[in-house]
>>> print(open('final.cif').read())   # mmCIF, C-alpha atoms
data_query
loop_
_atom_site.label_atom_id
_atom_site.label_comp_id
_atom_site.auth_asym_id
_atom_site.auth_seq_id
_atom_site.Cartn_x
_atom_site.Cartn_y
_atom_site.Cartn_z
CA MET A 1 8.40 -26.36 -14.58
CA ALA A 2 7.32 -29.65 -13.09
CA HIS A 3 3.64 -30.37 -12.48
CA LEU A 4 2.53 -26.86 -11.56
CA LEU A 5 4.39 -26.68 -8.28
CA LYS A 6 6.58 -29.16 -6.58
CA ASP A 7 5.48 -27.99 -3.19
CA LYS A 8 1.89 -27.02 -3.75
CA GLU A 9 0.99 -28.02 -0.21
CA ALA A 10 3.78 -25.84 1.08
CA TYR A 11 2.48 -22.83 -0.83
CA GLU A 12 -1.01 -23.52 0.45
CA ARG A 13 0.42 -23.57 3.93
CA LEU A 14 2.16 -20.23 3.39
CA ASN A 15 -1.09 -18.82 2.11
CA TYR A 16 -3.08 -20.08 5.06
CA LEU A 17 -0.57 -18.85 7.64
CA TYR A 18 -0.38 -15.42 6.08
CA GLN A 19 -4.13 -14.98 6.00
CA ALA A 20 -4.55 -16.45 9.46
CA ALA A 21 -2.13 -13.85 10.81
CA HIS A 22 -4.24 -11.13 9.23
CA CYS A 23 -7.45 -12.56 10.64
CA VAL A 24 -5.95 -12.86 14.09
CA LEU A 25 -4.98 -9.22 14.09
CA SER A 26 -8.31 -8.10 12.73
CA GLN A 27 -10.20 -9.88 15.49
CA ASN A 28 -7.84 -9.04 18.33
CA PRO A 29 -5.46 -6.19 17.63
CA GLU A 30 -3.70 -6.76 20.95
CA ASN A 31 -2.62 -10.29 20.15
CA VAL A 32 0.50 -9.51 18.18
CA GLU A 33 2.31 -12.59 19.47
CA LEU A 34 0.14 -15.10 17.68
CA ALA A 35 0.41 -13.24 14.39
CA ARG A 36 4.14 -13.10 14.88
CA PHE A 37 4.27 -16.83 15.48
CA TYR A 38 2.32 -17.51 12.29
CA CYS A 39 4.59 -15.27 10.24
CA PHE A 40 7.64 -16.83 11.85
CA THR A 41 6.39 -20.27 10.86
CA GLN A 42 5.69 -18.99 7.38
CA ARG A 43 9.19 -17.70 7.05
CA THR A 44 10.67 -20.94 8.37
CA VAL A 45 8.66 -23.01 5.91
CA ALA A 46 9.76 -20.81 3.03
CA ARG A 47 13.34 -20.97 4.17
CA ARG A 48 13.42 -24.74 4.55
CA LEU A 49 11.92 -25.45 1.17
CA VAL A 50 13.51 -22.44 -0.52
CA LEU A 51 10.24 -20.96 -1.68
CA LYS A 52 10.24 -17.54 -3.21
CA GLN A 53 7.95 -14.86 -1.85
CA ASP A 54 6.73 -11.79 -3.66
CA PRO A 55 7.89 -8.36 -2.45
CA SER A 56 4.26 -7.59 -1.64
CA VAL A 57 4.46 -10.28 1.04
CA LYS A 58 7.98 -9.56 2.24
CA ARG A 59 7.31 -5.86 2.63
CA THR A 60 4.62 -6.57 5.19
CA LEU A 61 6.80 -8.75 7.36
CA CYS A 62 9.42 -7.46 9.75
CA LYS A 63 12.84 -8.87 8.96
CA LYS A 64 14.05 -8.94 12.53
CA CYS A 65 11.17 -10.29 14.55
CA SER A 66 9.02 -11.48 11.63
CA SER A 67 5.83 -9.91 12.91
CA LEU A 68 3.11 -8.88 10.50
CA LEU A 69 3.36 -5.18 9.80
CA ILE A 70 0.06 -3.40 9.61
CA PRO A 71 0.22 0.40 9.44
CA GLY A 72 -1.52 1.72 12.50
CA VAL A 73 -1.59 -1.47 14.48
CA THR A 74 1.87 -2.97 14.53
CA ALA A 75 3.84 -0.44 12.51
CA THR A 76 4.14 3.27 11.79
CA THR A 77 4.73 4.63 8.32
CA ARG A 78 6.35 7.98 7.75
CA GLN A 79 7.80 9.94 4.87
CA ARG A 80 11.30 11.16 5.59
CA ARG A 81 13.95 12.74 3.54
CA LYS A 82 17.64 13.21 3.53
CA ASN A 83 18.78 16.73 2.89
CA SER A 84 19.52 16.29 -0.76
CA LYS A 85 15.92 15.76 -1.89
CA ILE A 86 16.03 11.97 -1.52
CA ARG A 87 12.75 10.86 0.04
CA PHE A 88 12.01 7.58 1.77
CA THR A 89 9.01 5.83 3.13
CA VAL A 90 10.00 4.40 6.48
CA MET A 91 8.03 1.62 8.16
CA ARG A 92 8.91 1.00 11.79
CA CYS A 93 7.90 -2.19 13.54
CA LEU A 94 6.44 -1.22 16.92
CA SER A 95 7.48 -4.39 18.71
CA CYS A 96 11.17 -4.56 17.85
CA GLY A 97 11.83 -1.06 16.49
CA GLN A 98 13.32 -2.30 13.25
CA SER A 99 12.74 0.15 10.42
CA LYS A 100 12.26 -0.72 6.79
CA THR A 101 13.13 2.01 4.28
CA LEU A 102 11.70 2.18 0.78
CA LEU A 103 13.11 4.72 -1.61
CA ASN A 104 10.54 6.94 -3.31
CA ASN A 105 11.83 6.74 -6.83
CA PRO A 106 8.94 7.30 -9.25
CA ASP A 107 10.70 5.52 -12.09
CA TYR A 108 11.63 2.40 -10.22
CA CYS A 109 9.82 -0.76 -11.17
CA LEU A 110 10.29 -4.05 -9.34
CA TRP A 111 11.64 -6.86 -11.46
CA VAL A 112 8.52 -8.87 -10.68
CA ASP A 113 6.28 -6.23 -12.17
CA ARG A 114 8.19 -5.69 -15.35
CA PRO A 115 6.72 -7.05 -18.59
CA GLU A 116 9.81 -9.04 -19.53
CA ALA A 117 9.53 -11.04 -16.36
CA GLN A 118 6.03 -12.28 -17.06
CA LEU A 119 5.96 -15.88 -18.15
CA GLU A 120 2.83 -15.77 -20.29
CA GLN A 121 4.40 -13.42 -22.79
CA GLN A 122 7.35 -15.68 -23.36
CA LYS A 123 7.21 -18.39 -25.98
CA GLN A 124 5.84 -21.58 -24.59
CA PRO A 125 8.57 -24.17 -24.15
CA GLY A 126 8.17 -27.58 -25.74
CA ASP A 127 5.74 -29.01 -28.30
CA LYS A 128 2.02 -28.70 -28.65
CA PRO A 129 0.88 -31.33 -26.15
CA GLN A 130 3.24 -29.82 -23.60
CA ILE A 131 2.01 -26.35 -24.44
CA ASN A 132 -1.52 -27.44 -23.71
CA THR A 133 -0.58 -28.80 -20.34
CA THR A 134 1.37 -25.71 -19.33
CA GLN A 135 -1.58 -23.53 -20.29
CA GLN A 136 -3.89 -25.73 -18.29
CA LEU A 137 -1.58 -25.61 -15.35
CA LEU A 138 -1.28 -21.84 -15.52
CA SER A 139 -5.03 -21.45 -15.70
CA ARG A 140 -5.42 -23.77 -12.72
CA CYS A 141 -2.77 -21.88 -10.82
CA VAL A 142 -4.54 -18.53 -10.54
CA VAL A 143 -8.11 -19.45 -9.72
CA MET B 1 5.04 -22.50 -35.80
CA ALA B 2 6.59 -25.59 -34.30
CA THR B 3 5.18 -28.80 -35.67
CA PRO B 4 4.56 -31.64 -33.24
CA GLY B 5 7.24 -34.25 -32.96
CA LYS B 6 10.24 -31.94 -33.14
CA PRO B 7 13.52 -33.15 -31.68
CA THR B 8 14.26 -32.37 -28.06
CA LYS B 9 17.01 -29.87 -28.88
CA LYS B 10 14.46 -27.13 -29.47
CA GLU B 11 12.83 -27.79 -26.11
CA LEU B 12 16.09 -27.20 -24.33
CA LYS B 13 16.77 -24.02 -26.28
CA LYS B 14 13.36 -22.57 -25.53
CA HIS B 15 13.36 -23.65 -21.94
CA ILE B 16 13.35 -20.52 -19.87
CA PRO B 17 14.28 -20.83 -16.21
CA THR B 18 11.37 -19.63 -14.17
CA LYS B 19 10.72 -19.21 -10.52
CA THR B 20 7.43 -19.39 -8.76
CA SER B 21 6.83 -16.91 -6.02
CA PHE B 22 4.07 -16.75 -3.47
CA VAL B 23 2.04 -13.60 -3.99
CA SER B 24 0.04 -11.88 -1.32
CA PRO B 25 -3.70 -12.31 -1.91
CA LEU B 26 -4.45 -9.55 0.55
CA THR B 27 -2.93 -6.37 -0.86
CA PRO B 28 -5.44 -3.58 -0.33
CA THR B 29 -6.43 -1.65 -3.43
CA TRP B 30 -8.32 1.54 -3.98
CA ARG B 31 -11.75 1.59 -5.52
CA PRO B 32 -12.05 3.35 -8.87
CA LEU B 33 -13.74 6.70 -8.74
CA PRO B 34 -16.15 7.63 -11.55
CA GLN B 35 -15.21 10.66 -13.63
CA GLN B 36 -18.20 12.77 -12.60
CA ASP B 37 -17.49 12.34 -8.91
CA MET B 38 -13.87 13.14 -9.45
CA HIS B 39 -14.64 16.40 -11.22
CA PHE B 40 -17.23 17.27 -8.62
CA ILE B 41 -14.86 16.68 -5.75
CA LEU B 42 -12.05 18.64 -7.33
CA LYS B 43 -14.33 21.52 -8.18
CA THR B 44 -15.89 21.70 -4.70
CA LEU B 45 -12.51 21.62 -3.04
CA LYS B 46 -11.03 24.26 -5.26
CA ASP B 47 -13.97 26.63 -4.84
CA LYS B 48 -13.97 26.15 -1.11
CA LEU B 49 -10.27 26.82 -0.78
CA ILE B 50 -10.41 29.91 -2.92
CA SER B 51 -13.43 31.24 -1.05
CA VAL B 52 -11.79 30.66 2.31
CA GLY B 53 -8.62 32.08 0.97
CA LEU B 54 -6.37 29.52 2.59
CA GLU B 55 -2.88 29.80 1.30
CA LYS B 56 0.64 29.40 2.48
CA LYS B 57 2.69 32.39 1.66
CA GLU B 58 6.41 32.35 1.59
CA VAL B 59 8.49 35.37 1.00
CA LYS B 60 11.54 34.45 -0.92
CA VAL B 61 14.37 35.94 1.01
CA PHE B 62 17.52 36.54 -0.91
CA ARG B 63 20.18 34.66 0.99
CA PRO B 64 23.80 35.26 0.12
CA TRP B 65 25.82 32.13 -0.52
CA LYS B 66 27.73 30.56 2.32
CA LYS B 67 31.02 31.45 0.65
CA LYS B 68 30.66 34.90 2.09
CA LYS B 69 31.18 33.68 5.65
CA ASP B 70 33.52 36.54 6.49
CA GLN B 71 30.88 39.12 5.85
CA LYS B 72 28.22 37.26 7.87
CA PRO B 73 29.45 37.68 11.49
CA PRO B 74 29.44 41.46 11.42
CA ALA B 75 26.07 41.43 9.62
CA ALA B 76 24.59 38.71 11.91
CA PRO B 77 23.26 40.88 14.76
CA SER B 78 21.39 43.09 12.30
CA GLU B 79 19.97 40.21 10.19
CA PRO B 80 17.83 38.34 12.77
CA ALA B 81 16.10 41.54 13.73
CA VAL B 82 15.01 42.35 10.20
CA PRO B 83 13.60 38.98 9.01
CA GLN B 84 11.62 38.49 12.23
CA VAL B 85 9.62 41.59 11.49
CA GLN B 86 9.03 40.44 7.95
CA ASP B 87 7.97 36.88 8.90
CA SER B 88 4.80 37.59 10.86
CA PRO B 89 2.61 39.47 8.37
CA GLN B 90 3.70 37.76 5.17
CA ASN B 91 5.06 34.28 5.86
CA GLY B 92 2.93 31.33 6.88
CA TRP B 93 -0.73 30.52 6.41
CA THR B 94 -3.37 33.13 5.75
CA VAL B 95 -6.26 31.54 7.61
CA VAL B 96 -4.88 29.73 10.65
CA ALA B 97 -8.23 28.44 11.92
CA ALA B 98 -8.95 26.72 8.64
CA ARG B 99 -5.47 25.26 8.51
CA ARG B 100 -6.01 23.64 11.90
CA GLN B 101 -9.07 21.82 10.62
CA LEU B 102 -7.20 20.26 7.74
CA ALA B 103 -4.46 17.70 7.76
CA ILE B 104 -2.27 18.37 4.76
CA GLY B 105 0.51 16.02 3.76
CA ILE B 106 0.99 12.30 4.07
CA ASN B 107 2.70 12.35 7.46
CA GLU B 108 0.10 14.61 9.01
CA VAL B 109 -2.77 12.56 7.62
CA THR B 110 -1.17 9.33 8.87
CA LYS B 111 -0.69 10.70 12.37
CA ALA B 112 -4.23 12.03 12.49
CA LEU B 113 -5.60 8.70 11.29
CA GLU B 114 -3.67 6.84 13.95
CA ARG B 115 -5.22 9.09 16.56
CA ASN B 116 -8.65 8.81 14.93
CA GLU B 117 -9.11 12.51 14.34
CA LEU B 118 -10.32 12.57 10.76
CA LYS B 119 -13.74 12.59 9.12
CA LEU B 120 -12.68 12.27 5.49
CA VAL B 121 -9.49 11.42 3.69
CA LEU B 122 -8.63 12.29 0.12
CA VAL B 123 -5.57 10.86 -1.52
CA CYS B 124 -4.00 11.68 -4.86
CA LYS B 125 -4.10 8.83 -7.31
CA SER B 126 -1.26 9.90 -9.55
CA VAL B 127 1.35 8.99 -6.97
CA LYS B 128 4.50 7.25 -8.04
CA PRO B 129 5.66 5.05 -6.39
CA LYS B 130 2.43 3.66 -4.98
CA HIS B 131 3.84 2.51 -1.66
CA MET B 132 3.97 6.12 -0.52
CA THR B 133 0.23 6.20 0.11
CA SER B 134 -0.77 2.54 0.11
CA HIS B 135 -0.58 2.33 3.89
CA LEU B 136 -3.43 4.81 4.15
CA ILE B 137 -5.98 2.37 2.73
CA ALA B 138 -5.79 -0.15 5.55
CA LEU B 139 -5.53 2.59 8.17
CA SER B 140 -8.63 4.40 7.02
CA VAL B 141 -10.64 1.19 6.77
CA MET B 142 -9.72 0.31 10.33
CA ARG B 143 -10.72 3.70 11.65
CA GLY B 144 -13.94 3.68 9.67
CA VAL B 145 -13.15 6.82 7.72
CA PRO B 146 -14.22 7.20 4.10
CA ALA B 147 -11.27 7.56 1.82
CA CYS B 148 -10.80 7.69 -1.87
CA GLN B 149 -8.19 8.17 -4.48
CA VAL B 150 -8.67 11.14 -6.67
CA PRO B 151 -6.42 11.47 -9.67
CA ARG B 152 -4.92 14.86 -10.22
CA LEU B 153 -5.55 15.95 -6.65
CA ASN B 154 -1.96 17.02 -6.47
CA GLN B 155 -2.05 19.21 -9.57
CA ASN B 156 -5.32 20.88 -8.65
CA LEU B 157 -4.66 21.66 -5.03
CA SER B 158 -1.02 22.65 -4.94
CA GLU B 159 -1.66 25.97 -6.67
CA PRO B 160 -4.52 27.31 -4.54
CA LEU B 161 -2.77 26.26 -1.36
CA GLY B 162 0.59 27.58 -2.39
CA LEU B 163 2.34 24.28 -1.67
CA LYS B 164 4.68 22.26 -3.81
CA SER B 165 2.77 19.00 -3.64
CA VAL B 166 -0.35 17.83 -1.85
CA LEU B 167 -0.62 14.09 -1.90
CA ALA B 168 -3.03 13.56 0.95
CA LEU B 169 -5.70 15.68 2.56
CA GLY B 170 -7.73 15.03 5.64
CA PHE B 171 -10.59 16.87 7.34
CA ARG B 172 -10.42 16.80 11.12
CA ARG B 173 -13.31 16.20 13.44
CA CYS B 174 -14.21 19.21 15.54
CA ALA B 175 -15.32 18.87 19.10
CA SER B 176 -17.77 21.74 19.00
CA THR B 177 -19.70 22.84 15.95
CA ASP B 178 -18.46 26.40 16.02
CA GLU B 179 -16.15 27.58 13.29
CA GLU B 180 -16.41 24.49 11.18
CA VAL B 181 -15.33 25.83 7.89
CA PHE B 182 -15.40 22.65 5.91
CA THR B 183 -18.45 20.75 7.18
CA ASP B 184 -20.54 21.51 4.13
CA THR B 185 -17.74 20.41 1.81
CA VAL B 186 -17.28 17.20 3.76
CA ASP B 187 -20.99 16.40 3.68
CA ALA B 188 -21.09 17.08 -0.03
CA ILE B 189 -18.16 14.80 -0.79
CA LYS B 190 -18.90 11.95 1.64
CA PRO B 191 -21.78 10.28 -0.22
CA ARG B 192 -19.74 10.23 -3.40
CA VAL B 193 -16.89 8.28 -1.88
CA PRO B 194 -16.94 4.56 -2.77
CA SER B 195 -16.69 2.29 0.22
CA LEU B 196 -13.33 0.62 0.69
CA ASP B 197 -12.94 -3.06 1.19
CA VAL B 198 -10.10 -5.01 2.68
CA ALA B 199 -10.43 -8.76 2.53
CA TRP B 200 -9.22 -9.63 5.98
CA LEU B 201 -10.87 -6.86 7.91
CA PRO B 202 -14.45 -7.09 9.11
CA GLY B 203 -16.40 -5.56 6.27
CA ALA B 204 -16.54 -1.94 7.29
CA ALA B 205 -19.01 0.32 5.53
CA PRO B 206 -17.31 3.58 6.44
CA THR B 207 -19.96 5.98 5.13
CA VAL B 208 -23.06 4.91 7.00
CA THR B 209 -22.69 3.70 10.57
CA PRO B 210 -26.24 2.78 11.65
CA GLU B 211 -26.53 0.25 8.87
CA ASP B 212 -23.43 -1.62 9.98
CA PRO B 213 -25.08 -4.61 11.67
CA ALA B 214 -27.23 -5.18 8.59
CA HIS B 215 -24.16 -4.90 6.37
CA MET B 216 -22.20 -7.28 8.54
CA GLU B 217 -24.90 -9.93 8.38
CA VAL B 218 -25.21 -9.63 4.63
CA GLU B 219 -21.49 -9.86 4.16
CA VAL B 220 -21.12 -12.80 6.48
CA GLU B 221 -23.73 -14.69 4.49
CA GLU B 222 -22.10 -13.81 1.21
CA GLU B 223 -18.70 -14.88 2.37
CA GLU B 224 -19.98 -18.14 3.74
CA GLU B 225 -21.31 -19.00 0.31
CA ALA B 226 -18.11 -17.86 -1.30
CA GLY B 227 -16.17 -19.99 1.14
CA GLU B 228 -18.21 -23.01 0.14
CA LYS B 229 -17.57 -22.46 -3.54
CA ARG B 230 -13.89 -21.92 -3.14
CA GLY B 231 -13.36 -24.55 -0.48
CA GLN B 232 -10.51 -26.84 -1.33
CA LYS B 233 -10.30 -28.80 1.89
CA ARG B 234 -13.43 -29.68 3.82
CA LYS B 235 -11.81 -29.14 7.19
CA LEU B 236 -10.95 -25.58 6.25
CA GLU B 237 -14.53 -24.98 5.17
CA SER B 238 -16.01 -26.09 8.45
CA GLU B 239 -13.47 -24.13 10.43
CA SER B 240 -14.03 -20.97 8.45
CA LYS B 241 -17.80 -21.38 8.79
CA GLU B 242 -17.53 -21.57 12.55
CA ILE B 243 -15.37 -18.49 12.63
CA THR B 244 -17.78 -16.52 10.46
CA GLU B 245 -20.68 -17.49 12.64
CA SER B 246 -18.93 -16.51 15.84
CA SER B 247 -17.52 -13.08 14.93
CA SER B 248 -16.24 -11.11 11.95
CA SER B 249 -15.87 -12.60 8.50
CA CYS B 250 -12.53 -13.98 7.42
CA SER B 251 -12.76 -16.33 4.48
CA LEU B 252 -9.70 -17.95 3.00
CA GLN B 253 -8.60 -16.38 -0.23
CA PRO B 254 -7.32 -18.83 -2.84
CA LEU B 255 -3.63 -19.35 -3.33
CA LYS B 256 -1.97 -16.88 -5.66
CA VAL B 257 1.29 -17.80 -7.25
CA LYS B 258 3.28 -15.91 -9.81
CA LYS B 259 5.67 -17.40 -12.28
CA VAL B 260 8.56 -15.10 -12.97
CA VAL B 261 11.44 -15.33 -15.35
CA THR B 262 14.79 -15.00 -13.66
CA ASN B 263 16.51 -11.70 -14.12
CA PRO B 264 19.41 -12.15 -16.54
CA ALA B 265 21.09 -8.96 -15.42
CA ARG B 266 21.37 -10.16 -11.87
CA LYS B 267 24.94 -10.96 -10.94
CA ALA B 268 25.45 -14.45 -9.67
CA LYS B 269 27.18 -14.82 -6.32
CA LYS B 270 30.72 -15.98 -6.69
CA LYS B 271 31.23 -19.29 -4.96
CA VAL B 272 34.17 -19.14 -2.63
CA LYS B 273 35.95 -22.46 -2.45
CA THR B 274 37.47 -23.08 0.98
#
>>> encode(input="final.cif", output="structure tokens")
Amino acid sequence: MAHLLKDKEAYERLNYLYQAAHCVLSQNPENVELARFYCFTQRTVARRLVLKQDPSVKRTLCKKCSSLLIPGVTATTRQRRKNSKIRFTVMRCLSCGQSKTLLNNPDYCLWVDRPEAQLEQQKQPGDKPQINTTQQLLSRCVV
Amino acid sequence: MATPGKPTKKELKKHIPTKTSFVSPLTPTWRPLPQQDMHFILKTLKDKLISVGLEKKEVKVFRPWKKKKDQKPPAAPSEPAVPQVQDSPQNGWTVVAARRQLAIGINEVTKALERNELKLVLVCKSVKPKHMTSHLIALSVMRGVPACQVPRLNQNLSEPLGLKSVLALGFRRCASTDEEVFTDTVDAIKPRVPSLDVAWLPGAAPTVTPEDPAHMEVEVEEEEEAGEKRGQKRKLESESKEITESSSSCSLQPLKVKKVVTNPARKAKKKVKT
């Protein structure tokens, strides 16, 4: 990969917006609009620059109205099941009513969490000097 | 293995396409529970349940298969009369008053938490997948209710209660102090529960309420210092300082990015040429 991140500022912006939305809701649980605006901006930024977001982030955003989903404040979470023993976790956004269903499969593992997807375990690409730089960059990346 | 100064062909072979994804720095996690406390909690709960004798009894009624639909209509008028008599003494919960003071099951615990009815929440740790119970962390922190993850809660409690699986348990608050079956259990377990922490919420110490202002001050100071150390841009620092001084603490967590190898099994979208 190029020098750590091509769009480091963009990622910083995503980070700031996401946390700002959380802070807004923690200080004023009624002000859902501002949090929604921040998350909407976050999504637009990611869409324009084609930045990937982790499922842990995407699962907390509503797909329709892009408001921040917090169980108890802006969303309700329930366990439901279809007759034939298939159980879901359903998150409903309170503002737009969009529901997000997650299947309760105990054996399912997200691609992001699997060991083969982790970069550190792969062989380092390139020669020694390049290896050093990638290691430095990786160590800088997760502070 | 590779000596420096190798030709570029090897670089290209070893080059693995990776993608960077923005990871959430704010996912709430449970606090680990020490072994002793875990055993203590499980033991107290089990003893209490057995002593109270709370159990759900279900009489297994032999139901003929639906293939025998012809025989059902003539037998129908006689059937509803018989099972109704059987239901009341045997089916259902043994101690109804105790059952009302507990919230058993994830949905019930979630609803009670939303309405702020609970004093203590216990969640099973050996839950797969984790997103089934992860929403309870943030909820219980917001309502100021102590909560903890106890491994093997499910295995230990499903037998005494006569249920298939118990993934979450909550003790309701009672308006009047009469008939509180579980108060002593709750008071015994509460001090052992580690306090939960969510980064973006005002640091709630759920166990002890009168010490809250002291806690808040301490945490605000700590986070101000942390903010200074982590501060990447000076403007952010000053802004976050002002916010911490005015009200609850919200310091900026550092950026977390994950580098992930692309999934080779993923089918590529076929490009449609118009």
>>> atom_distance(input="final.cif", atom1="CA of Lys256 (chain B)", atom2="CA of Tyr16 (chain A)")
11.2 Å
>>> atom_distance(input="final.cif", atom1="CA of Lys164 (chain B)", atom2="CA of Leu33 (chain B)")
24.6 Å
>>> resolve_selection(input="final.cif", expression="the PyMOL selection byres ((chain A and resi 50) around 12)", output="ChimeraX atom specification")
/A:6-7,10-11,42-49,51-53 /B:19-22
>>> closest_residue(input="final.cif", among="B:Cys250, B:Cys174, B:Leu120, B:Leu163", to="Ala97 (chain B)", atoms="all atoms listed in the file")
B:Cys174
>>> atom_distance(input="final.cif", atom1="CA of Pro115 (chain A)", atom2="CA of Tyr18 (chain A)")
27.0 Å
>>> resolve_selection(input="final.cif", expression="the PyMOL selection byres ((chain A and resi 61-63) around 12)", output="PyMOL selection string")
(chain A and resi 18+21-22+35-40+42-43+53-60+64-71+74-75+91-101) or (chain B and resi 24)
>>> residues_near_point(input="final.cif", point="(-3.0, 2.9, 10.0)", cutoff="10 Å", atoms="all atoms listed in the file", output="list in words")
Ile70, Pro71, Gly72, Val73, Thr74, Ala75, Thr76 and Thr77 of chain A; Val109, Thr110, Lys111, Ala112, Leu113, Glu114, Arg115, Asn116, His135, Leu136, Ile137, Ala138, Leu139, Ser140, Val141, Met142 and Arg143 of chain B
>>> resolve_selection(input="final.cif", expression="the PyMOL selection byres ((chain B and resi 196) around 7)", output="list of chain:residue names")
B:Trp30, B:Arg31, B:Val141, B:Pro194, B:Ser195, B:Asp197, B:Val198
>>> residues_around(input="final.cif", residues="Leu54 (chain B)", least_positions_apart="5", cutoff="12 Å", atoms="all atoms listed in the file", output="PyMOL selection string")
chain B and resi 45-49+92-102+157-163+181-182
>>> write_last_selection(input="final.cif", atoms="C-alpha atoms", output="PDB file, in the coordinates of the input")
ATOM      1  CA  LEU B  45     -12.510  21.620  -3.040  1.00  0.00           C
ATOM      2  CA  LYS B  46     -11.030  24.260  -5.260  1.00  0.00           C
ATOM      3  CA  ASP B  47     -13.970  26.630  -4.840  1.00  0.00           C
ATOM      4  CA  LYS B  48     -13.970  26.150  -1.110  1.00  0.00           C
ATOM      5  CA  LEU B  49     -10.270  26.820  -0.780  1.00  0.00           C
ATOM      6  CA  GLY B  92       2.930  31.330   6.880  1.00  0.00           C
ATOM      7  CA  TRP B  93      -0.730  30.520   6.410  1.00  0.00           C
ATOM      8  CA  THR B  94      -3.370  33.130   5.750  1.00  0.00           C
ATOM      9  CA  VAL B  95      -6.260  31.540   7.610  1.00  0.00           C
ATOM     10  CA  VAL B  96      -4.880  29.730  10.650  1.00  0.00           C
ATOM     11  CA  ALA B  97      -8.230  28.440  11.920  1.00  0.00           C
ATOM     12  CA  ALA B  98      -8.950  26.720   8.640  1.00  0.00           C
ATOM     13  CA  ARG B  99      -5.470  25.260   8.510  1.00  0.00           C
ATOM     14  CA  ARG B 100      -6.010  23.640  11.900  1.00  0.00           C
ATOM     15  CA  GLN B 101      -9.070  21.820  10.620  1.00  0.00           C
ATOM     16  CA  LEU B 102      -7.200  20.260   7.740  1.00  0.00           C
ATOM     17  CA  LEU B 157      -4.660  21.660  -5.030  1.00  0.00           C
ATOM     18  CA  SER B 158      -1.020  22.650  -4.940  1.00  0.00           C
ATOM     19  CA  GLU B 159      -1.660  25.970  -6.670  1.00  0.00           C
ATOM     20  CA  PRO B 160      -4.520  27.310  -4.540  1.00  0.00           C
ATOM     21  CA  LEU B 161      -2.770  26.260  -1.360  1.00  0.00           C
ATOM     22  CA  GLY B 162       0.590  27.580  -2.390  1.00  0.00           C
ATOM     23  CA  LEU B 163       2.340  24.280  -1.670  1.00  0.00           C
ATOM     24  CA  VAL B 181     -15.330  25.830   7.890  1.00  0.00           C
ATOM     25  CA  PHE B 182     -15.400  22.650   5.910  1.00  0.00           C
TER      26      PHE B 182
END
>>> closest_residue(input="final.cif", among="A:Ile86, A:Leu17, A:Leu103, A:Cys23", to="Met132 (chain B)", atoms="all atoms listed in the file")
A:Leu103
>>> closest_residue(input="final.cif", among="A:Asp113, A:Val90, A:Asn15, A:Asn28", to="chain B", atoms="only C-alpha atoms")
A:Asn15
